[in-house]
Amino acid sequence: MTYRITFAVRDRARFLSHLETVDTLLSALRRAGYQVALSRAMRPRPVIALALPRAVGVQSEAELADVELTSDPATAELSQRLSEQLPAGFELIAAEPAVGKPAASRVRGVSYLIEVADDLDWDQAVERYLAADAAVVTRTAPKKADKRIDVRAFCTRISHGPDGLVADIDLTEAGTARPEEVATAVAATIGATPTIIRLVRTEIVLREAPVGAPT
Amino acid sequence: MAPLLDQKIEAVLETVQKPSRYIGGEANQVRKPQAARLVALCYPDAYEIGISNQALQILYAQVNARESFAAERVYCPWPDMADAMRAEGIPLFTLETWRPVGEVDMLGITLQAELTYSNVLEVLDLAGIPIRAGERGGSDPIVIAGGPSASNPAPVAPFFDAFFMGESEEAFEAVLDAIDSAPDRAGRMRLLEQIPSIYIPSLGRRPVERAIYTEFGIETQPTAPVVPYSSAIFSRASVEVMRGCTRGCRFCHAGTWYRPVRERPADQVIEAGLAQLGCTGYDELSLTSLATSDYTDVVAAIEGIKQRAPDLHLSLPSNRVDTGPVALTAAANARQSSITLAPEAATQRMRDIICKTITDEMIESAIEAAFRAGYSSLKMYFMIGLPRETHDEVQGIVDLGIRAREIGRAVGGRFSVHMSASNFVPKPHTPFQWEGMAPRDQLAAKQAYMRRAMPTRQIRLSLHDLRTSMLEGALSRGDDRTAEVIELAWRGGARFDAWTEMFQEQAWHDAFARMDTTMDGQATHEFGEWDELPWDHVRSGVTKEFLLDEWWQSKAEVATGDCRWDGCVDCGACFGPVRNLLVH
């Protein structure tokens, strides 16, 4: 049976890579006494998929993983046993039967809390950003050509609160923007460069699953 | 608000490669922040290498079993992290609580390989501990070395307050007692002096005895070892089924250092293995030893584990080259597609010289058995540069690669042969301890010949880096002056020497030159049989007379029997309760 596991990754555990996060979940499930189903490929792999990779260093309050177990435990039992086996920095938030297509194929947006140093007039910057038609930043990556990203095309809902910037970022067929790019684009509207203290993923938003869709 | 050091560490982790190397928090980690005594256990290499070391997992459980003690882990930070730590003023910290290593009571550093010696200095320096023991004060931790390379302490003696020789399970308790009993550094050192398996360099080259865990009880096998993050080189449960090997391969340090043979009964191995699987969540179990196919209860252990966990991936490393062990390996793990055999030498003459008691027929039968068992990849390990090696021995490796391919083709199906040849490095406490390493140009010529002569179709050839082999040779039988070289090289930028991409060869050449010697001169140096050796005061149990006799036997090209089957060879390892302890 396939379960959707919602979990938080905090503190030092946020420095784990995507692969390390997956392996940590798998070994916790095995310690909890569950066998993860294997794929039917030439080289069978455990059937597990995180909805969206998390960049190293980003804290998350709402990671989603779809995992197929060879058994069908009650969700309360699964939650309790898995909670007991998760290592420091991980917290199980929910475990429930997965409905519809895999979460990884249905992600339409991600919400972030972007903790920034309070040394800028962020309210004014957000106001200007929302009033602008475009907010272009340059994405650089080693061994790749620079890429210009119009952050405004992916992030239209943003506010500034006591904890920092709260931003909803869309994932579209044309791509997406990274939370640090959003902060950069917002600060650029007042001619500033942001100091980012911490990035916290607060929600992964999925497209609605059709009613009665098979798992 | 997190403490300032934690904040600084977190800020640095945002900028370095693989930050998971430094965060701790793995399953089965033990945190005892209130413990009165703190011991830092260090493997002086990257996390992914060190976390896989079984000896440190044993020691970690042993220290943490004491209520008043906490053991915390330390690894050598990768250069990007080390540079960032220096820039930000962050001292080396433990993984469990991010406490500065300089504040612990004792820092234990395991010496598993000579190529980690420059990292020892890197660790000490990052911890803010004076590099030289003589410069340490009352507030500094006691820095103690252990592990197989400590068997020749001379090259690193000035950097350690003490060396622990041998197996920790019983004898290290006395070390912990010393740390617990005395209130200060000086008092603890006075107590350490009295332990037979402790060598304190500042007291001169006194005799020191290797500690041997006579009973080899299953209770010291860790049930819940720390489960590494996925970057570790080994991520599997393991039960040590047997310690020691008496086959007597003359190049093998472990074959002397871990004598005599001690085995654990199959029922204990099965229970310990299954318990560890439950506590770790691993899906693979390894039955470890120096030669698992020699373990008396190997069949019973495999069958017992398979009965209880039919789908388990079970691995048997270090097997003898013969049909029986190949069949055992295949029975243990039907999913695996590759198998490794280690003939070490390809001609009967050379196998007699090194005392590897297998025949051409056994090797060919094992190859055929491997292909018939369905393995599609066969890997074979050899050494070049062995004493009294001729062109025939090198040609023999090439011929055996071709022969393996012929056998594979005759059996049919898809397959590949992987031939790997390392460069022989003479080690202390072995019959070849008097031998010099082969000169660099000879080894280079042999490697070049093998590259030319070995066919490439269905055969892959791997050859070890000559540069690091020569350094290993120069350090392994080094003396007091070698310590000066190590410090000079480290100050010249050497660290992570075992990593080809990090190896600073020139820094080492410069360091040797400043001591009026050369790396190659040290590596190829031959000792005379009457010479005093730098490690003579370290008593492994095996006598120097036996090693000398074995050296002569190698010159006569005569192999010696294994005392498990052929009667006592009078090596000296057994006395009183210390003896081969077989399950049947």
# chains A, B, ... in the order shown; residues from 1 in each chain; ligands from 1

$ interface_residues --of "chain B" --to "chain A" --cutoff "7 Å" --atoms "only C-alpha atoms" --output "MDAnalysis selection string"
chainID B and resid 14 19:20 23 25:27 229:230 278:282

$ residues_around --residues "segment 54-64 of chain B" --least-positions-apart "3" --cutoff "9 Å" --atoms "only C-alpha atoms" --output "count of residues only"
31

$ residues_around --residues "segment 423-440 of chain B" --least-positions-apart "3" --cutoff "8 Å" --atoms "only C-alpha atoms" --output "PyMOL selection string"
chain B and resi 151-152+250-253+256-257+383-387+443-444+464+466+469-470+472-473+476-477+520+523-529+535+540+544+547-551

$ write_last_selection --atoms "C-alpha atoms" --output "compact mmCIF listing (two decimals), in the first residue's frame"
# COMPACT_ATOMS: atom_id res chain seq x y z
CA SER B 151 52.24 -0.86 15.63
CA ASN B 152 55.11 1.28 14.38
CA ARG B 250 54.12 -12.84 4.48
CA PHE B 251 53.10 -9.39 3.25
CA CYS B 252 50.07 -9.15 5.53
CA HIS B 253 50.26 -6.95 8.61
CA THR B 256 50.45 -11.04 12.38
CA TRP B 257 48.85 -8.22 14.34
CA MET B 383 50.38 -7.09 -6.09
CA ILE B 384 53.41 -6.12 -8.09
CA GLY B 385 56.85 -5.24 -6.75
CA LEU B 386 56.92 -8.23 -4.39
CA PRO B 387 60.33 -9.44 -3.21
CA LEU B 443 57.25 -0.34 -10.65
CA ALA B 444 56.50 2.21 -13.34
CA HIS B 464 47.43 1.88 -7.97
CA LEU B 466 52.66 4.96 -7.70
CA SER B 469 52.34 3.94 -2.78
CA MET B 470 55.90 5.29 -2.51
CA GLU B 472 53.10 4.82 2.10
CA GLY B 473 56.30 2.81 1.79
CA SER B 476 55.17 2.61 7.11
CA ARG B 477 58.67 1.64 8.31
CA ASP B 520 62.14 6.79 -2.48
CA ALA B 523 60.66 3.44 0.87
CA THR B 524 63.28 1.21 -0.73
CA HIS B 525 65.52 1.00 2.33
CA GLU B 526 66.41 -2.59 3.28
CA PHE B 527 67.06 -3.45 6.89
CA GLY B 528 69.71 -6.01 7.81
CA GLU B 529 68.59 -8.93 9.91
CA TRP B 535 59.22 -0.96 16.18
CA SER B 540 52.90 -8.13 18.88
CA LYS B 544 61.03 -11.64 15.70
CA LEU B 547 59.37 -13.51 11.34
CA LEU B 548 63.04 -13.90 10.48
CA ASP B 549 62.60 -17.60 9.87
CA GLU B 550 59.63 -16.85 7.63
CA TRP B 551 61.74 -14.33 5.73

$ select_by_dssp --residues "chain A" --states "alpha helix (DSSP H)" --output "MDAnalysis selection string"
chainID A and resid 18:31 75:85 122:131 179:188

$ residues_around --residues "Ala421 of chain B" --least-positions-apart "5" --cutoff "6 Å" --atoms "only C-alpha atoms" --output "list in words"
Tyr381, Phe382, Met383 and Leu463 of chain B

$ write_last_selection --atoms "all heavy atoms" --output "compact mmCIF listing (two decimals), in the first residue's frame"
# COMPACT_ATOMS: atom_id res chain seq x y z
N TYR B 381 42.45 -9.37 -7.40
CA TYR B 381 43.47 -8.49 -6.83
C TYR B 381 44.86 -9.15 -6.90
O TYR B 381 45.02 -10.33 -6.58
CB TYR B 381 43.17 -8.21 -5.35
CG TYR B 381 42.08 -7.20 -5.13
CD1 TYR B 381 40.96 -7.52 -4.38
CD2 TYR B 381 42.17 -5.91 -5.65
CE1 TYR B 381 39.95 -6.59 -4.15
CE2 TYR B 381 41.18 -4.98 -5.43
CZ TYR B 381 40.07 -5.33 -4.68
OH TYR B 381 39.09 -4.40 -4.47
N PHE B 382 45.84 -8.35 -7.27
CA PHE B 382 47.24 -8.80 -7.29
C PHE B 382 48.13 -7.70 -6.72
O PHE B 382 47.71 -6.56 -6.55
CB PHE B 382 47.68 -9.09 -8.73
CG PHE B 382 46.90 -10.18 -9.39
CD1 PHE B 382 45.73 -9.89 -10.08
CD2 PHE B 382 47.30 -11.50 -9.29
CE1 PHE B 382 44.98 -10.89 -10.67
CE2 PHE B 382 46.57 -12.51 -9.87
CZ PHE B 382 45.40 -12.20 -10.56
N MET B 383 49.37 -8.08 -6.46
CA MET B 383 50.38 -7.09 -6.09
C MET B 383 51.54 -7.21 -7.07
O MET B 383 51.87 -8.32 -7.51
CB MET B 383 50.89 -7.34 -4.67
CG MET B 383 49.97 -6.79 -3.60
SD MET B 383 50.69 -6.98 -1.98
CE MET B 383 50.44 -8.71 -1.74
N LEU B 463 45.46 0.04 -11.85
CA LEU B 463 46.77 0.05 -11.20
C LEU B 463 46.80 1.16 -10.17
O LEU B 463 46.28 2.25 -10.42
CB LEU B 463 47.86 0.27 -12.26
CG LEU B 463 47.92 -0.80 -13.35
CD1 LEU B 463 48.82 -0.36 -14.49
CD2 LEU B 463 48.42 -2.12 -12.77

$ residues_around --residues "Gly217 of chain B" --least-positions-apart "2" --cutoff "10 Å" --atoms "only C-alpha atoms" --output "PDB file with N, CA, C and O atoms, in the first residue's frame"
ATOM      1  N   GLU B 169      38.734  -4.158  23.567  1.00  0.00           N
ATOM      2  CA  GLU B 169      37.556  -4.620  24.311  1.00  0.00           C
ATOM      3  C   GLU B 169      37.798  -4.814  25.809  1.00  0.00           C
ATOM      4  O   GLU B 169      36.951  -4.463  26.621  1.00  0.00           O
ATOM      5  N   TYR B 213      42.181  -9.572  23.000  1.00  0.00           N
ATOM      6  CA  TYR B 213      40.871  -9.868  23.581  1.00  0.00           C
ATOM      7  C   TYR B 213      40.664 -11.379  23.503  1.00  0.00           C
ATOM      8  O   TYR B 213      40.180 -11.905  22.511  1.00  0.00           O
ATOM      9  N   THR B 214      41.069 -12.052  24.551  1.00  0.00           N
ATOM     10  CA  THR B 214      41.163 -13.511  24.536  1.00  0.00           C
ATOM     11  C   THR B 214      39.818 -14.188  24.292  1.00  0.00           C
ATOM     12  O   THR B 214      39.711 -15.103  23.482  1.00  0.00           O
ATOM     13  N   GLU B 215      38.787 -13.719  24.990  1.00  0.00           N
ATOM     14  CA  GLU B 215      37.510 -14.445  24.947  1.00  0.00           C
ATOM     15  C   GLU B 215      36.712 -14.159  23.676  1.00  0.00           C
ATOM     16  O   GLU B 215      35.921 -14.979  23.237  1.00  0.00           O
ATOM     17  N   GLU B 219      29.208 -10.162  23.314  1.00  0.00           N
ATOM     18  CA  GLU B 219      28.622  -8.993  23.972  1.00  0.00           C
ATOM     19  C   GLU B 219      29.330  -7.692  23.597  1.00  0.00           C
ATOM     20  O   GLU B 219      28.769  -6.613  23.779  1.00  0.00           O
ATOM     21  N   THR B 220      30.535  -7.791  23.076  1.00  0.00           N
ATOM     22  CA  THR B 220      31.231  -6.559  22.686  1.00  0.00           C
ATOM     23  C   THR B 220      30.973  -6.177  21.224  1.00  0.00           C
ATOM     24  O   THR B 220      31.480  -5.170  20.749  1.00  0.00           O
ATOM     25  N   GLN B 221      30.213  -7.000  20.529  1.00  0.00           N
ATOM     26  CA  GLN B 221      29.817  -6.658  19.160  1.00  0.00           C
ATOM     27  C   GLN B 221      28.697  -5.622  19.241  1.00  0.00           C
ATOM     28  O   GLN B 221      27.641  -5.912  19.810  1.00  0.00           O
ATOM     29  N   ARG B 262      40.318 -16.332  16.670  1.00  0.00           N
ATOM     30  CA  ARG B 262      39.214 -16.521  17.615  1.00  0.00           C
ATOM     31  C   ARG B 262      37.895 -16.449  16.860  1.00  0.00           C
ATOM     32  O   ARG B 262      37.710 -15.544  16.056  1.00  0.00           O
ATOM     33  N   GLU B 263      37.030 -17.414  17.118  1.00  0.00           N
ATOM     34  CA  GLU B 263      35.767 -17.486  16.372  1.00  0.00           C
ATOM     35  C   GLU B 263      34.571 -17.314  17.313  1.00  0.00           C
ATOM     36  O   GLU B 263      34.667 -17.616  18.502  1.00  0.00           O
ATOM     37  N   ARG B 264      33.478 -16.861  16.730  1.00  0.00           N
ATOM     38  CA  ARG B 264      32.229 -16.767  17.492  1.00  0.00           C
ATOM     39  C   ARG B 264      31.260 -17.837  16.984  1.00  0.00           C
ATOM     40  O   ARG B 264      31.166 -18.063  15.760  1.00  0.00           O
ATOM     41  N   PRO B 265      30.521 -18.482  17.888  1.00  0.00           N
ATOM     42  CA  PRO B 265      29.594 -19.543  17.458  1.00  0.00           C
ATOM     43  C   PRO B 265      28.504 -19.000  16.532  1.00  0.00           C
ATOM     44  O   PRO B 265      28.071 -17.852  16.674  1.00  0.00           O
ATOM     45  N   GLN B 268      25.333 -17.318  18.005  1.00  0.00           N
ATOM     46  CA  GLN B 268      25.555 -15.956  18.491  1.00  0.00           C
ATOM     47  C   GLN B 268      25.659 -14.961  17.327  1.00  0.00           C
ATOM     48  O   GLN B 268      25.157 -13.846  17.395  1.00  0.00           O
TER      49      GLN B 268
END

$ atom_distance --atom1 "atom CA of Phe93 of chain B" --atom2 "atom CA of Ala133 of chain B"
20.1 Å

$ closest_residue --among "B:Leu312, B:Ala332, B:Leu378, B:Met450" --to "Glu284 of chain B" --atoms "only C-alpha atoms"
B:Leu312

$ atom_distance --atom1 "atom CA of Thr70 of chain A" --atom2 "atom CA of Met1 of chain A"
6.5 Å

$ residues_around --residues "Ala125 of chain A" --least-positions-apart "5" --cutoff "10 Å" --atoms "only C-alpha atoms" --output "MDAnalysis selection string"
chainID A and resid 120 130:131 159:160 183 185:192

$ residues_around --residues "Ala162 of chain B" --least-positions-apart "4" --cutoff "12 Å" --atoms "only C-alpha atoms" --output "short mmCIF file (atom, residue, chain, number, x, y, z; two decimals) with all heavy atoms, in the first residue's frame"
data_model
loop_
_atom_site.label_atom_id
_atom_site.label_comp_id
_atom_site.auth_asym_id
_atom_site.auth_seq_id
_atom_site.Cartn_x
_atom_site.Cartn_y
_atom_site.Cartn_z
N MET B 106 40.03 13.26 26.73
CA MET B 106 40.97 12.44 25.95
C MET B 106 40.53 12.45 24.49
O MET B 106 39.34 12.32 24.19
CB MET B 106 40.99 11.01 26.48
CG MET B 106 41.94 10.10 25.72
SD MET B 106 42.22 8.53 26.56
CE MET B 106 40.65 7.74 26.37
N LEU B 107 41.50 12.60 23.62
CA LEU B 107 41.25 12.51 22.19
C LEU B 107 41.93 11.25 21.68
O LEU B 107 43.16 11.14 21.72
CB LEU B 107 41.81 13.75 21.46
CG LEU B 107 41.89 13.69 19.94
CD1 LEU B 107 40.53 13.47 19.31
CD2 LEU B 107 42.54 14.97 19.38
N GLY B 108 41.13 10.28 21.25
CA GLY B 108 41.67 9.04 20.71
C GLY B 108 41.65 9.11 19.19
O GLY B 108 40.61 9.40 18.60
N ILE B 109 42.79 8.87 18.58
CA ILE B 109 42.87 8.94 17.11
C ILE B 109 43.28 7.57 16.60
O ILE B 109 44.31 7.03 17.02
CB ILE B 109 43.89 10.00 16.64
CG1 ILE B 109 43.51 11.38 17.20
CG2 ILE B 109 43.99 10.03 15.12
CD1 ILE B 109 44.46 12.51 16.80
N ARG B 132 52.83 19.03 19.05
CA ARG B 132 53.79 18.15 19.73
C ARG B 132 53.37 17.93 21.18
O ARG B 132 53.04 18.88 21.90
CB ARG B 132 55.20 18.74 19.64
CG ARG B 132 55.65 18.74 18.19
CD ARG B 132 57.12 18.88 18.04
NE ARG B 132 57.47 18.62 16.65
CZ ARG B 132 58.23 17.59 16.26
NH1 ARG B 132 58.76 16.78 17.15
NH2 ARG B 132 58.50 17.40 14.99
N ALA B 133 53.43 16.66 21.59
CA ALA B 133 52.98 16.31 22.94
C ALA B 133 53.75 17.10 24.00
O ALA B 133 53.17 17.50 25.02
CB ALA B 133 53.17 14.80 23.17
N GLY B 134 55.03 17.33 23.72
CA GLY B 134 55.86 18.02 24.70
C GLY B 134 55.43 19.45 24.96
O GLY B 134 55.84 20.06 25.96
N PRO B 141 43.72 18.08 26.13
CA PRO B 141 43.34 16.65 26.25
C PRO B 141 44.56 15.76 26.15
O PRO B 141 45.58 16.15 25.56
CB PRO B 141 42.43 16.42 25.03
CG PRO B 141 42.14 17.74 24.45
CD PRO B 141 43.21 18.68 24.89
N ILE B 142 44.45 14.57 26.71
CA ILE B 142 45.46 13.54 26.45
C ILE B 142 45.18 12.99 25.06
O ILE B 142 44.05 12.60 24.76
CB ILE B 142 45.40 12.44 27.52
CG1 ILE B 142 45.92 12.99 28.84
CG2 ILE B 142 46.19 11.20 27.08
CD1 ILE B 142 45.82 12.04 30.00
N VAL B 143 46.20 13.00 24.22
CA VAL B 143 46.01 12.55 22.83
C VAL B 143 46.63 11.16 22.71
O VAL B 143 47.83 10.99 22.94
CB VAL B 143 46.65 13.53 21.83
CG1 VAL B 143 46.37 13.06 20.40
CG2 VAL B 143 46.12 14.94 22.04
N ILE B 144 45.79 10.19 22.39
CA ILE B 144 46.23 8.80 22.39
C ILE B 144 45.94 8.17 21.03
O ILE B 144 44.90 8.44 20.44
CB ILE B 144 45.53 8.03 23.55
CG1 ILE B 144 46.06 6.61 23.69
CG2 ILE B 144 44.02 8.01 23.39
CD1 ILE B 144 45.61 5.94 24.98
N ALA B 145 46.88 7.37 20.55
CA ALA B 145 46.72 6.71 19.24
C ALA B 145 46.39 5.24 19.44
O ALA B 145 46.77 4.63 20.44
CB ALA B 145 48.00 6.84 18.42
N GLY B 146 45.71 4.68 18.48
CA GLY B 146 45.45 3.24 18.45
C GLY B 146 45.34 2.81 17.01
O GLY B 146 45.59 3.60 16.10
N ALA B 150 49.53 2.03 14.47
CA ALA B 150 50.25 2.38 15.70
C ALA B 150 51.30 1.33 16.04
O ALA B 150 52.13 1.55 16.93
CB ALA B 150 49.26 2.53 16.86
N PRO B 153 55.01 3.04 16.05
CA PRO B 153 54.65 4.38 16.50
C PRO B 153 55.67 5.45 16.13
O PRO B 153 55.35 6.65 16.17
CB PRO B 153 54.55 4.23 18.03
CG PRO B 153 55.40 3.05 18.36
CD PRO B 153 55.38 2.14 17.17
N ALA B 154 56.89 5.06 15.78
CA ALA B 154 57.98 6.03 15.64
C ALA B 154 57.65 7.22 14.73
O ALA B 154 57.92 8.36 15.11
CB ALA B 154 59.24 5.31 15.14
N VAL B 156 55.09 8.87 14.15
CA VAL B 156 54.14 9.85 14.68
C VAL B 156 54.28 10.01 16.20
O VAL B 156 53.44 10.64 16.84
CB VAL B 156 52.68 9.47 14.31
CG1 VAL B 156 52.38 9.80 12.86
CG2 VAL B 156 52.39 8.00 14.59
N ALA B 157 55.34 9.44 16.76
CA ALA B 157 55.49 9.44 18.22
C ALA B 157 55.46 10.83 18.85
O ALA B 157 54.82 11.02 19.88
CB ALA B 157 56.77 8.70 18.60
N PRO B 158 56.10 11.85 18.26
CA PRO B 158 56.11 13.15 18.95
C PRO B 158 54.75 13.81 19.03
O PRO B 158 54.58 14.76 19.79
CB PRO B 158 57.05 14.00 18.08
CG PRO B 158 57.82 13.05 17.24
CD PRO B 158 56.93 11.87 17.05
N VAL B 175 42.51 2.11 30.52
CA VAL B 175 42.75 3.49 30.08
C VAL B 175 41.62 4.40 30.57
O VAL B 175 41.86 5.50 31.09
CB VAL B 175 42.87 3.54 28.53
CG1 VAL B 175 42.98 4.98 28.05
CG2 VAL B 175 44.07 2.72 28.07
N ARG B 188 46.72 11.48 35.35
CA ARG B 188 46.23 10.48 34.39
C ARG B 188 47.41 9.85 33.63
O ARG B 188 47.43 8.64 33.39
CB ARG B 188 45.26 11.13 33.40
CG ARG B 188 43.93 11.50 34.04
CD ARG B 188 43.09 12.41 33.19
NE ARG B 188 41.80 12.67 33.81
CZ ARG B 188 40.91 13.54 33.36
NH1 ARG B 188 41.17 14.24 32.27
NH2 ARG B 188 39.77 13.71 33.98
N MET B 189 48.37 10.67 33.25
CA MET B 189 49.53 10.14 32.54
C MET B 189 50.31 9.16 33.42
O MET B 189 50.81 8.14 32.94
CB MET B 189 50.45 11.28 32.07
CG MET B 189 49.90 12.13 30.93
SD MET B 189 49.53 11.19 29.42
CE MET B 189 51.16 10.67 28.94
N ARG B 190 50.39 9.47 34.71
CA ARG B 190 51.10 8.56 35.62
C ARG B 190 50.40 7.21 35.69
O ARG B 190 51.04 6.16 35.75
CB ARG B 190 51.20 9.19 37.01
CG ARG B 190 52.35 10.19 37.15
CD ARG B 190 52.64 10.51 38.60
NE ARG B 190 51.53 11.18 39.25
CZ ARG B 190 51.30 12.51 39.20
NH1 ARG B 190 52.13 13.30 38.53
NH2 ARG B 190 50.27 13.05 39.81
N LEU B 191 49.07 7.21 35.66
CA LEU B 191 48.32 5.94 35.69
C LEU B 191 48.46 5.20 34.35
O LEU B 191 48.57 3.98 34.32
CB LEU B 191 46.85 6.22 35.98
CG LEU B 191 46.54 6.70 37.41
CD1 LEU B 191 45.08 7.12 37.54
CD2 LEU B 191 46.86 5.61 38.43
N LEU B 192 48.47 5.95 33.27
CA LEU B 192 48.60 5.31 31.95
C LEU B 192 49.95 4.59 31.82
O LEU B 192 50.05 3.53 31.20
CB LEU B 192 48.46 6.36 30.83
CG LEU B 192 47.06 6.93 30.59
CD1 LEU B 192 47.09 8.03 29.53
CD2 LEU B 192 46.08 5.84 30.17
N GLU B 193 50.97 5.18 32.43
CA GLU B 193 52.32 4.58 32.37
C GLU B 193 52.34 3.13 32.83
O GLU B 193 53.17 2.33 32.40
CB GLU B 193 53.28 5.33 33.31
CG GLU B 193 53.81 6.61 32.81
CD GLU B 193 54.61 7.32 33.91
OE1 GLU B 193 55.13 6.63 34.81
OE2 GLU B 193 54.67 8.57 33.88
N GLN B 194 51.41 2.81 33.72
CA GLN B 194 51.44 1.48 34.35
C GLN B 194 50.71 0.41 33.55
O GLN B 194 50.68 -0.75 33.94
CB GLN B 194 50.83 1.59 35.75
CG GLN B 194 51.63 2.51 36.67
CD GLN B 194 50.82 2.95 37.87
OE1 GLN B 194 49.89 2.27 38.28
NE2 GLN B 194 51.19 4.09 38.46
N ILE B 195 50.09 0.79 32.47
CA ILE B 195 49.31 -0.16 31.67
C ILE B 195 50.24 -0.83 30.65
O ILE B 195 50.91 -0.14 29.88
CB ILE B 195 48.14 0.56 30.96
CG1 ILE B 195 47.22 1.20 32.01
CG2 ILE B 195 47.37 -0.40 30.07
CD1 ILE B 195 46.14 2.09 31.44
N PRO B 196 50.30 -2.18 30.63
CA PRO B 196 51.27 -2.86 29.76
C PRO B 196 51.09 -2.58 28.28
O PRO B 196 52.06 -2.65 27.52
CB PRO B 196 51.01 -4.35 30.06
CG PRO B 196 50.26 -4.39 31.34
CD PRO B 196 49.52 -3.11 31.47
N SER B 197 49.86 -2.27 27.84
CA SER B 197 49.63 -2.05 26.41
C SER B 197 49.70 -0.57 26.05
O SER B 197 49.28 -0.19 24.95
CB SER B 197 48.28 -2.64 25.99
OG SER B 197 47.26 -2.16 26.84
N ILE B 198 50.21 0.25 26.96
CA ILE B 198 50.37 1.67 26.67
C ILE B 198 51.85 2.00 26.48
O ILE B 198 52.69 1.60 27.30
CB ILE B 198 49.79 2.53 27.83
CG1 ILE B 198 48.27 2.51 27.80
CG2 ILE B 198 50.31 3.98 27.74
CD1 ILE B 198 47.62 3.34 26.72
N TYR B 199 52.13 2.72 25.41
CA TYR B 199 53.48 3.20 25.15
C TYR B 199 53.45 4.73 25.22
O TYR B 199 52.63 5.37 24.57
CB TYR B 199 53.94 2.74 23.76
CG TYR B 199 55.13 3.49 23.21
CD1 TYR B 199 56.34 3.55 23.91
CD2 TYR B 199 55.05 4.12 21.97
CE1 TYR B 199 57.43 4.25 23.39
CE2 TYR B 199 56.14 4.80 21.44
CZ TYR B 199 57.32 4.87 22.16
OH TYR B 199 58.40 5.56 21.65
N ILE B 200 54.33 5.27 26.04
CA ILE B 200 54.41 6.73 26.19
C ILE B 200 55.76 7.18 25.64
O ILE B 200 56.81 6.93 26.25
CB ILE B 200 54.22 7.13 27.67
CG1 ILE B 200 52.81 6.73 28.11
CG2 ILE B 200 54.47 8.63 27.87
CD1 ILE B 200 52.48 7.01 29.54
N PRO B 201 55.76 7.81 24.50
CA PRO B 201 57.04 8.15 23.84
C PRO B 201 57.97 8.98 24.71
O PRO B 201 59.20 8.81 24.65
CB PRO B 201 56.60 8.94 22.60
CG PRO B 201 55.20 8.50 22.33
CD PRO B 201 54.61 8.20 23.66
N SER B 202 57.43 9.87 25.53
CA SER B 202 58.30 10.76 26.33
C SER B 202 59.10 9.98 27.38
O SER B 202 60.06 10.50 27.94
CB SER B 202 57.46 11.83 27.01
OG SER B 202 56.52 11.23 27.89
N LEU B 203 58.72 8.72 27.62
CA LEU B 203 59.45 7.91 28.61
C LEU B 203 60.51 7.03 27.96
O LEU B 203 61.09 6.16 28.62
CB LEU B 203 58.46 7.04 29.40
CG LEU B 203 57.40 7.80 30.19
CD1 LEU B 203 56.48 6.82 30.92
CD2 LEU B 203 58.06 8.74 31.20
N GLY B 204 60.72 7.22 26.68
CA GLY B 204 61.71 6.39 26.00
C GLY B 204 61.07 5.15 25.41
O GLY B 204 59.90 4.86 25.64
N ARG B 205 61.90 4.43 24.67
CA ARG B 205 61.37 3.30 23.89
C ARG B 205 61.26 2.05 24.77
O ARG B 205 62.02 1.10 24.64
CB ARG B 205 62.29 3.07 22.70
CG ARG B 205 61.64 2.30 21.59
CD ARG B 205 62.41 2.39 20.32
NE ARG B 205 62.20 3.67 19.64
CZ ARG B 205 62.78 4.00 18.51
NH1 ARG B 205 63.64 3.19 17.94
NH2 ARG B 205 62.54 5.16 17.95
N VAL B 208 56.37 -2.58 24.98
CA VAL B 208 54.91 -2.45 25.13
C VAL B 208 54.28 -3.67 24.49
O VAL B 208 54.73 -4.15 23.45
CB VAL B 208 54.41 -1.13 24.50
CG1 VAL B 208 54.85 -0.98 23.06
CG2 VAL B 208 52.90 -1.01 24.60
#

$ select_by_dssp --residues "segment 186-385 of chain B" --states "strand (DSSP E or B)" --output "MDAnalysis selection string"
chainID B and resid 198:199 208:209 211 237:240 242:243 262:263 284:288 313:315 338:344 377:384
